file input-v8.txt (compact mmCIF, C-alpha atoms and all ligand atoms)
# COMPACT_ATOMS: atom_id res chain seq x y z
CA MET A 289 75.91 167.27 176.96
CA SER A 290 73.34 167.98 179.63
CA THR A 291 71.00 170.74 180.70
CA ALA A 292 70.90 171.79 184.34
CA VAL A 293 68.61 173.92 186.45
CA LEU A 294 70.67 175.83 189.00
CA SER A 295 69.48 177.95 191.91
CA ALA A 296 71.80 180.71 193.08
CA GLY A 297 71.33 182.82 196.20
CA SER A 298 73.23 185.51 198.07
CA ASN A 299 72.52 187.46 201.24
CA LEU A 300 75.96 188.73 202.23
CA GLY A 301 78.01 191.51 200.66
CA ASP A 302 77.42 192.54 197.05
CA ARG A 303 74.41 190.32 196.40
CA LEU A 304 73.89 191.37 192.77
CA GLY A 305 77.61 191.18 192.06
CA HIS A 306 77.74 187.62 193.38
CA LEU A 307 74.82 186.57 191.19
CA ALA A 308 76.42 188.29 188.19
CA GLY A 309 79.50 186.14 188.84
CA VAL A 310 77.39 182.99 188.52
CA VAL A 311 75.87 184.04 185.19
CA GLU A 312 79.33 184.99 183.91
CA GLY A 313 80.91 181.83 185.31
CA PHE A 314 78.44 179.61 183.45
CA SER A 315 78.89 181.55 180.20
CA ALA A 316 82.48 180.39 179.72
CA GLY A 317 84.11 177.49 177.87
CA SER A 318 81.61 174.96 176.59
CA ASP A 319 78.92 176.11 179.06
CA ARG A 320 75.99 178.20 177.88
CA VAL A 321 73.32 180.03 179.84
CA LEU A 322 69.98 179.36 178.13
CA ALA A 323 67.83 181.43 180.49
CA VAL A 324 68.08 183.42 183.70
CA SER A 325 65.10 184.34 185.82
CA PRO A 326 64.60 187.84 187.07
CA VAL A 327 66.30 188.52 190.40
CA TYR A 328 63.91 187.84 193.28
CA VAL A 329 64.17 189.28 196.76
CA THR A 330 63.26 186.43 199.08
CA PRO A 331 62.86 186.23 202.85
CA PRO A 332 65.26 183.75 204.46
CA TRP A 333 64.00 180.16 204.33
CA GLY A 334 64.82 178.00 207.34
CA PRO A 335 65.42 178.51 211.04
CA VAL A 336 68.18 181.14 210.92
CA ALA A 337 67.21 184.84 211.28
CA GLN A 338 69.19 186.69 208.61
CA ASP A 339 68.92 189.28 205.84
CA ASP A 340 66.81 188.76 202.73
CA PHE A 341 68.37 186.83 199.86
CA TYR A 342 68.59 187.70 196.22
CA ASN A 343 67.79 184.52 194.26
CA ILE A 344 67.92 183.57 190.59
CA THR A 345 67.37 180.33 188.73
CA LEU A 346 69.46 179.61 185.64
CA ILE A 347 69.00 177.04 182.89
CA VAL A 348 72.43 176.06 181.61
CA ALA A 349 73.76 173.61 179.04
CA GLY A 350 77.20 172.12 178.72
CA ASP A 351 79.42 169.11 178.39
CA ARG A 352 79.01 168.10 182.05
CA ASP A 353 77.38 165.49 184.28
CA GLY A 354 75.61 166.27 187.57
CA LEU A 355 78.77 166.21 189.70
CA SER A 356 80.55 168.46 187.26
CA TRP A 357 77.74 171.06 187.52
CA LEU A 358 77.98 170.83 191.32
CA ARG A 359 81.76 171.28 191.28
CA ARG A 360 81.63 174.22 188.90
CA GLY A 361 79.06 175.82 191.21
CA ALA A 362 81.41 175.20 194.17
CA GLU A 363 84.26 176.90 192.30
CA LEU A 364 82.08 179.95 191.78
CA GLU A 365 81.08 179.90 195.48
CA ALA A 366 84.78 179.81 196.40
CA ALA A 367 85.45 182.73 194.05
CA ALA A 368 82.82 184.68 196.01
CA ASP A 369 84.67 183.78 199.25
CA ARG A 370 81.80 181.59 200.42
CA ARG A 371 82.44 180.13 203.88
CA ARG A 372 80.61 177.13 205.29
CA GLU A 373 79.64 178.19 208.78
CA VAL A 374 76.01 177.79 209.83
CA ARG A 375 73.71 175.36 208.03
CA TRP A 376 71.10 177.42 206.15
CA GLY A 377 72.90 180.53 207.43
CA PRO A 378 74.06 183.69 205.63
CA ARG A 379 76.31 183.31 202.62
CA THR A 380 77.92 185.36 199.89
CA LEU A 381 76.89 182.78 197.34
CA ASP A 382 75.15 179.43 197.23
CA VAL A 383 74.76 177.45 194.01
CA ASP A 384 72.45 174.42 194.20
CA VAL A 385 71.91 171.93 191.41
CA VAL A 386 68.14 171.57 191.24
CA ALA A 387 67.79 169.10 188.36
CA VAL A 388 69.74 167.79 185.37
CA ARG A 389 68.65 166.22 182.06
CA ASP A 390 70.82 164.37 179.58
CA ASP A 391 71.05 165.31 175.91
CA GLU A 392 67.94 163.23 175.14
CA GLY A 393 65.94 165.08 177.78
CA ASN A 394 65.92 162.22 180.28
CA PRO A 395 66.18 163.26 183.94
CA LEU A 396 69.32 162.23 185.82
CA PHE A 397 68.77 160.99 189.37
CA SER A 398 71.39 160.75 192.08
CA ALA A 399 71.22 159.73 195.72
CA THR A 400 74.75 160.06 197.05
CA GLU A 401 75.64 162.33 199.96
CA GLU A 402 77.62 164.57 197.66
CA LEU A 403 74.86 164.94 195.09
CA ILE A 404 71.14 164.37 195.45
CA LEU A 405 69.18 164.91 192.22
CA PRO A 406 66.72 166.37 192.00
CA HIS A 407 67.60 168.65 194.93
CA PRO A 408 65.66 167.16 197.87
CA ARG A 409 64.12 170.45 199.03
CA ALA A 410 63.55 172.19 195.69
CA HIS A 411 59.91 171.12 195.40
CA GLU A 412 58.94 172.96 198.60
CA ARG A 413 60.97 176.15 198.20
CA GLY A 414 59.30 179.23 196.81
CA PHE A 415 62.70 180.87 196.32
CA VAL A 416 63.62 178.07 193.88
CA LEU A 417 60.28 177.31 192.21
CA ILE A 418 59.07 180.86 191.54
CA PRO A 419 62.26 181.91 189.68
CA TRP A 420 62.42 178.51 187.92
CA LEU A 421 58.91 179.00 186.54
CA ALA A 422 59.89 182.48 185.31
CA ALA A 423 62.94 181.07 183.51
CA ASP A 424 61.01 178.12 182.05
CA PRO A 425 57.21 178.40 182.09
CA ALA A 426 56.88 174.77 180.91
CA ALA A 427 59.32 173.34 183.48
CA VAL A 428 58.70 169.91 184.96
CA LEU A 429 60.29 168.52 188.12
CA ASP A 430 61.00 164.82 187.61
CA ARG A 431 61.50 162.55 190.59
CA PRO A 432 61.91 158.76 190.56
CA ASP A 433 58.31 158.42 191.77
CA GLY A 434 56.73 160.82 189.29
CA SER A 435 56.80 164.17 187.53
CA THR A 436 55.08 167.44 188.41
CA ALA A 437 54.80 170.67 186.45
CA VAL A 438 56.63 173.42 188.28
CA ALA A 439 53.58 175.63 187.69
CA ASP A 440 51.57 173.14 189.80
CA LEU A 441 54.22 173.10 192.52
CA VAL A 442 54.13 176.91 192.62
CA ALA A 443 50.33 176.88 192.78
CA ALA A 444 50.51 174.42 195.68
CA LEU A 445 52.92 176.52 197.77
CA GLY A 446 51.48 177.59 201.09
CA PRO A 447 51.10 181.29 201.81
CA ASP A 448 54.19 181.25 204.05
CA GLU A 449 56.34 179.88 201.22
CA ARG A 450 55.20 182.61 198.81
CA ALA A 451 55.08 185.54 201.20
CA GLY A 452 57.52 188.34 200.58
CA ILE A 453 58.99 186.92 197.34
CA ASP A 454 59.17 189.81 194.88
CA ILE A 455 61.02 190.66 191.69
CA LEU A 456 63.85 193.11 192.36
CA ASP A 457 63.04 196.39 190.64
CA THR A 458 66.54 196.91 189.21
CA GLU A 459 67.70 196.26 185.64
CA VAL A 460 70.47 193.69 185.38
CA PRO A 461 72.79 193.43 182.37
CA TRP A 462 72.54 189.65 182.13
CA ALA A 463 68.76 189.39 181.63
CA ARG A 464 67.99 186.48 179.30
CA GLY A 465 64.39 185.59 178.53
CA PRO A 466 62.55 182.39 179.29
CA VAL A 467 63.90 179.23 177.71
CA ARG A 468 60.80 178.61 175.55
N1 LIG B 501 71.62 168.91 194.40
C1 LIG B 501 72.55 169.45 195.21
N2 LIG B 501 72.95 170.73 195.05
C2 LIG B 501 73.88 171.29 195.85
N3 LIG B 501 74.51 170.63 196.84
C3 LIG B 501 74.16 169.34 197.05
C4 LIG B 501 73.17 168.71 196.24
N4 LIG B 501 73.03 167.42 196.67
C5 LIG B 501 73.87 167.26 197.68
N5 LIG B 501 74.57 168.39 197.92
C6 LIG B 501 75.58 168.52 198.96
O1 LIG B 501 75.09 169.37 199.97
C7 LIG B 501 76.20 169.80 200.71
C8 LIG B 501 75.84 171.04 201.51
O2 LIG B 501 75.62 172.08 200.61
P1 LIG B 501 75.34 173.53 201.17
O3 LIG B 501 76.27 173.86 202.29
O4 LIG B 501 75.34 174.44 199.98
O5 LIG B 501 73.88 173.31 201.75
P2 LIG B 501 72.86 174.43 201.97
O6 LIG B 501 72.79 175.22 200.70
O7 LIG B 501 73.20 175.15 203.24
O8 LIG B 501 71.50 173.68 202.20
P3 LIG B 501 70.48 173.16 201.12
O9 LIG B 501 71.12 171.94 200.52
O10 LIG B 501 69.25 172.87 201.92
O11 LIG B 501 70.27 174.27 200.10
C9 LIG B 501 77.33 169.98 199.72
O12 LIG B 501 78.50 169.46 200.25
C10 LIG B 501 76.88 169.17 198.51
O13 LIG B 501 77.81 168.17 198.14
N1 LIG B 502 65.31 182.85 200.65
C1 LIG B 502 66.33 182.01 200.74
N2 LIG B 502 66.54 181.36 201.87
C2 LIG B 502 67.60 180.51 201.96
C3 LIG B 502 68.47 180.33 200.87
C4 LIG B 502 68.22 181.05 199.68
O1 LIG B 502 68.95 180.93 198.67
N3 LIG B 502 67.14 181.87 199.66
N4 LIG B 502 69.52 179.49 200.96
C5 LIG B 502 69.74 178.85 202.07
C6 LIG B 502 70.91 177.97 202.10
O2 LIG B 502 70.57 176.70 202.18
C7 LIG B 502 68.92 178.97 203.28
N5 LIG B 502 67.80 179.85 203.11
call {"tool": "encode", "arguments": {"input": "input-v8.txt", "output": "structure tokens", "more": "lines below"}}
Ligand SMILES: Nc1ncnc2c1ncn2[C@@H]1O[C@H](COP(=O)(O)OP(=O)(O)OP(=O)(O)O)[C@@H](O)[C@H]1O
Ligand SMILES: Nc1nc2c(c(=O)[nH]1)N=C(CO)CN2
result
Amino acid sequence: MSTAVLSAGSNLGDRLGHLAGVVEGFSAGSDRVLAVSPVYVTPPWGPVAQDDFYNITLIVAGDRDGLSWLRRGAELEAAADRRREVRWGPRTLDVDVVAVRDDEGNPLFSATEELILPHPRAHERGFVLIPWLAADPAAVLDRPDGSTAVADLVAALGPDERAGIDILDTEVPWARGPVR
């Protein structure tokens, strides 16, 4: 058993529908969704000019290791007809594995090309950290060289990283409150 923090984003096609597919996809079999953040509208991060994203962060639990969370996320991306074209470019659905803990609460680290844990850019991304904090107000990002409260990472974001990130003012059927 492990618990994973997943970041999902969409800026092509039916953005809410694609995010709904992620929540549904991680609610099947032995997987459970423990919390889902509100949906945030977020300006595109990175060098590519493109439409705004809808982003959510989910806390999920299941009988999986880090690679298995990544591969399940890739299956859901494929189901949303995700195509790998431009790096950091538009996509129907992106599922990143932000962090994973084992059943004793110990962080799992990975440094292979296929899976880097924690996600190497999570700590600097408002579109990951702000929803993560909403889903888990006591969240901590563990890295091999130390741990930081996500609330502190959010507080340290520069104005450019926070700008334009807003909760979407639309009710979603999958709303599930903070994890604790
Ligand atoms: N923690 C992780 N979560 C998701 N993918 C990862 C992770 N670590 C490594 N990868 C690898 O990154 C590769 C590229 O993923 P993807 O195309 O989704 O990148 P991206 O979403 O455009 O960029 P970013 O990784 O900056 O969010 C995938 O093949 C995957 O194996
Ligand atoms: N706001 C936002 N920007 C992004 C996102 C995302 O999910 N949200 N995903 C990207 C793919 O790496 C690139 N840029």
call {"tool": "closest_atom_pairs", "arguments": {"input": "input-v8.txt", "of": "chain A", "to": "ligand LIG 502 (chain B)", "cutoff": "6 Å", "atoms": "all atoms listed in the file", "output": "CSV"}}
result
residue,atom,partner,partner_atom,distance
A:Gly297,CA,B:LIG502,O1,3.9
A:Thr330,CA,B:LIG502,N1,4.4
A:Pro331,CA,B:LIG502,N1,4.7
A:Pro332,CA,B:LIG502,N2,3.7
A:Trp333,CA,B:LIG502,N2,3.7
A:Gly334,CA,B:LIG502,N5,5.5
A:Phe341,CA,B:LIG502,N1,5.1
A:Asn343,CA,B:LIG502,O1,5.8
A:Trp376,CA,B:LIG502,C7,3.9
A:Gly377,CA,B:LIG502,C7,6.0
A:Phe415,CA,B:LIG502,N1,5.4
call {"tool": "closest_atom_pairs", "arguments": {"input": "input-v8.txt", "of": "chain A", "to": "ligand LIG 501 (chain B)", "cutoff": "9 Å", "atoms": "only C-alpha atoms and all ligand atoms", "output": "tab-separated table"}}
result
residue	atom	partner	partner_atom	distance
A:Leu294	CA	B:LIG501	N2	8.2
A:Ser295	CA	B:LIG501	N2	8.6
A:Gly297	CA	B:LIG501	O6	9.0
A:Gly334	CA	B:LIG501	O10	8.7
A:Gly354	CA	B:LIG501	N1	8.3
A:Leu355	CA	B:LIG501	O13	8.7
A:Trp357	CA	B:LIG501	N2	8.9
A:Leu358	CA	B:LIG501	C2	6.1
A:Arg359	CA	B:LIG501	O13	8.5
A:Gly361	CA	B:LIG501	C2	8.3
A:Ala362	CA	B:LIG501	O4	8.4
A:Arg371	CA	B:LIG501	O3	8.9
A:Arg372	CA	B:LIG501	O3	6.2
A:Glu373	CA	B:LIG501	O3	8.5
A:Val374	CA	B:LIG501	O7	7.6
A:Arg375	CA	B:LIG501	O7	4.8
A:Trp376	CA	B:LIG501	O7	4.2
A:Gly377	CA	B:LIG501	O7	6.8
A:Pro378	CA	B:LIG501	O7	8.9
A:Arg379	CA	B:LIG501	O7	8.8
A:Leu381	CA	B:LIG501	O4	8.9
A:Asp382	CA	B:LIG501	O4	5.7
A:Val383	CA	B:LIG501	C2	6.5
A:Asp384	CA	B:LIG501	C2	3.8
A:Val385	CA	B:LIG501	N2	4.0
A:Val386	CA	B:LIG501	N1	5.4
A:Ala387	CA	B:LIG501	N1	7.2
A:Ser398	CA	B:LIG501	N4	8.3
A:Ala399	CA	B:LIG501	N4	8.0
A:Thr400	CA	B:LIG501	C5	7.3
A:Glu401	CA	B:LIG501	C5	5.7
A:Glu402	CA	B:LIG501	O13	3.6
A:Leu403	CA	B:LIG501	N4	3.5
A:Ile404	CA	B:LIG501	N4	3.8
A:Leu405	CA	B:LIG501	N1	5.2
A:Pro406	CA	B:LIG501	N1	6.0
A:His407	CA	B:LIG501	N1	4.1
A:Pro408	CA	B:LIG501	N1	7.1
A:Arg409	CA	B:LIG501	O10	6.4
A:Ala410	CA	B:LIG501	O11	8.3
call {"tool": "residues_around", "arguments": {"input": "input-v8.txt", "residues": "His411 (chain A)", "least_positions_apart": "5", "cutoff": "12 Å", "atoms": "only C-alpha atoms", "output": "ChimeraX atom specification"}}
result
/A:386-387,405-406,416-418,420-421,428-431,435-445,449
call {"tool": "atom_distance", "arguments": {"input": "input-v8.txt", "atom1": "CA of Val321 (chain A)", "atom2": "CA of Ala349 (chain A)"}}
result
6.5 Å
call {"tool": "atom_distance", "arguments": {"input": "input-v8.txt", "atom1": "CA of Pro425 (chain A)", "atom2": "CA of Phe397 (chain A)"}}
result
22.1 Å
call {"tool": "atom_distance", "arguments": {"input": "input-v8.txt", "atom1": "CA of Val293 (chain A)", "atom2": "CA of Ala337 (chain A)"}}
result
27.2 Å
call {"tool": "closest_residue", "arguments": {"input": "input-v8.txt", "among": "A:Leu364, A:Ser325, A:Thr380, A:Asp351", "to": "Asp302 (chain A)", "atoms": "only C-alpha atoms"}}
result
A:Thr380
call {"tool": "axis_aligned_box", "arguments": {"input": "input-v8.txt", "around": "region 328-344 of chain A", "padding_each_side": "5 Å", "output": "JSON"}}
result
{"center_x": 66.0, "center_y": 183.6, "center_z": 200.9, "size_x": 16.3, "size_y": 21.3, "size_z": 30.7}
call {"tool": "residues_around", "arguments": {"input": "input-v8.txt", "residues": "Val324 (chain A)", "least_positions_apart": "4", "cutoff": "10 Å", "atoms": "all atoms listed in the file", "output": "PDB file with C-alpha atoms, keeping the file's coordinate frame"}}
result
ATOM      1  CA  VAL A 293      68.610 173.920 186.450  1.00  0.00           C
ATOM      2  CA  LEU A 294      70.670 175.830 189.000  1.00  0.00           C
ATOM      3  CA  SER A 295      69.480 177.950 191.910  1.00  0.00           C
ATOM      4  CA  VAL A 311      75.870 184.040 185.190  1.00  0.00           C
ATOM      5  CA  ILE A 344      67.920 183.570 190.590  1.00  0.00           C
ATOM      6  CA  THR A 345      67.370 180.330 188.730  1.00  0.00           C
ATOM      7  CA  LEU A 346      69.460 179.610 185.640  1.00  0.00           C
ATOM      8  CA  ILE A 347      69.000 177.040 182.890  1.00  0.00           C
ATOM      9  CA  VAL A 348      72.430 176.060 181.610  1.00  0.00           C
ATOM     10  CA  PRO A 419      62.260 181.910 189.680  1.00  0.00           C
ATOM     11  CA  TRP A 420      62.420 178.510 187.920  1.00  0.00           C
ATOM     12  CA  ALA A 422      59.890 182.480 185.310  1.00  0.00           C
ATOM     13  CA  ALA A 423      62.940 181.070 183.510  1.00  0.00           C
ATOM     14  CA  ASP A 424      61.010 178.120 182.050  1.00  0.00           C
ATOM     15  CA  TRP A 462      72.540 189.650 182.130  1.00  0.00           C
ATOM     16  CA  ALA A 463      68.760 189.390 181.630  1.00  0.00           C
ATOM     17  CA  ARG A 464      67.990 186.480 179.300  1.00  0.00           C
ATOM     18  CA  GLY A 465      64.390 185.590 178.530  1.00  0.00           C
ATOM     19  CA  PRO A 466      62.550 182.390 179.290  1.00  0.00           C
ATOM     20  CA  VAL A 467      63.900 179.230 177.710  1.00  0.00           C
TER      21      VAL A 467
END
call {"tool": "closest_residue", "arguments": {"input": "input-v8.txt", "among": "A:Ala323, A:Ser318, A:Ala366, A:Pro335", "to": "His306 (chain A)", "atoms": "all atoms listed in the file"}}
result
A:Ala366
call {"tool": "closest_residue", "arguments": {"input": "input-v8.txt", "among": "A:Ala427, A:Val336, A:Pro326, A:Arg360", "to": "Asp457 (chain A)", "atoms": "all atoms listed in the file"}}
result
A:Pro326
call {"tool": "closest_residue", "arguments": {"input": "input-v8.txt", "among": "A:Asn394, A:Arg370, A:Leu304, A:Asp339", "to": "Ala292 (chain A)", "atoms": "only C-alpha atoms"}}
result
A:Asn394
call {"tool": "closest_residue", "arguments": {"input": "input-v8.txt", "among": "A:Gly414, A:Gly317, A:Pro395, A:Pro461", "to": "Gly434 (chain A)", "atoms": "all atoms listed in the file"}}
result
A:Pro395
call {"tool": "closest_residue", "arguments": {"input": "input-v8.txt", "among": "A:Leu396, A:Leu307, A:Val388, A:Val460", "to": "Ala367 (chain A)", "atoms": "all atoms listed in the file"}}
result
A:Leu307
call {"tool": "build_atoms", "arguments": {"input": "input-v8.txt", "residues": "region 420-434 of chain A", "atoms": "N, CA and C atoms", "output": "CSV table (one decimal), keeping the file's coordinate frame"}}
result
chain,number,residue,atom,x,y,z
A,420,TRP,N,62.3,179.6,188.9
A,420,TRP,CA,62.4,178.5,187.9
A,420,TRP,C,61.3,178.6,186.9
A,421,LEU,N,60.1,178.9,187.4
A,421,LEU,CA,58.9,179.0,186.5
A,421,LEU,C,59.1,180.2,185.6
A,422,ALA,N,59.7,181.3,186.1
A,422,ALA,CA,59.9,182.5,185.3
A,422,ALA,C,60.9,182.2,184.2
A,423,ALA,N,61.9,181.4,184.5
A,423,ALA,CA,62.9,181.1,183.5
A,423,ALA,C,62.5,180.0,182.5
A,424,ASP,N,61.5,179.2,182.9
A,424,ASP,CA,61.0,178.1,182.0
A,424,ASP,C,59.5,177.8,182.4
A,425,PRO,N,58.6,178.5,181.7
A,425,PRO,CA,57.2,178.4,182.1
A,425,PRO,C,56.7,177.0,181.9
A,426,ALA,N,57.4,176.1,181.1
A,426,ALA,CA,56.9,174.8,180.9
A,426,ALA,C,57.7,173.8,181.7
A,427,ALA,N,58.4,174.2,182.7
A,427,ALA,CA,59.3,173.3,183.5
A,427,ALA,C,58.6,172.2,184.2
A,428,VAL,N,59.2,171.1,184.3
A,428,VAL,CA,58.7,169.9,185.0
A,428,VAL,C,59.8,169.4,185.9
A,429,LEU,N,59.4,169.1,187.1
A,429,LEU,CA,60.3,168.5,188.1
A,429,LEU,C,60.1,167.0,188.1
A,430,ASP,N,61.1,166.3,187.7
A,430,ASP,CA,61.0,164.8,187.6
A,430,ASP,C,61.6,164.2,188.9
A,431,ARG,N,60.9,163.3,189.5
A,431,ARG,CA,61.5,162.6,190.6
A,431,ARG,C,61.3,161.1,190.3
A,432,PRO,N,62.1,160.2,190.9
A,432,PRO,CA,61.9,158.8,190.6
A,432,PRO,C,60.5,158.3,190.7
A,433,ASP,N,59.7,158.9,191.6
A,433,ASP,CA,58.3,158.4,191.8
A,433,ASP,C,57.3,159.2,191.0
A,434,GLY,N,57.7,160.1,190.1
A,434,GLY,CA,56.7,160.8,189.3
A,434,GLY,C,57.2,162.2,188.9
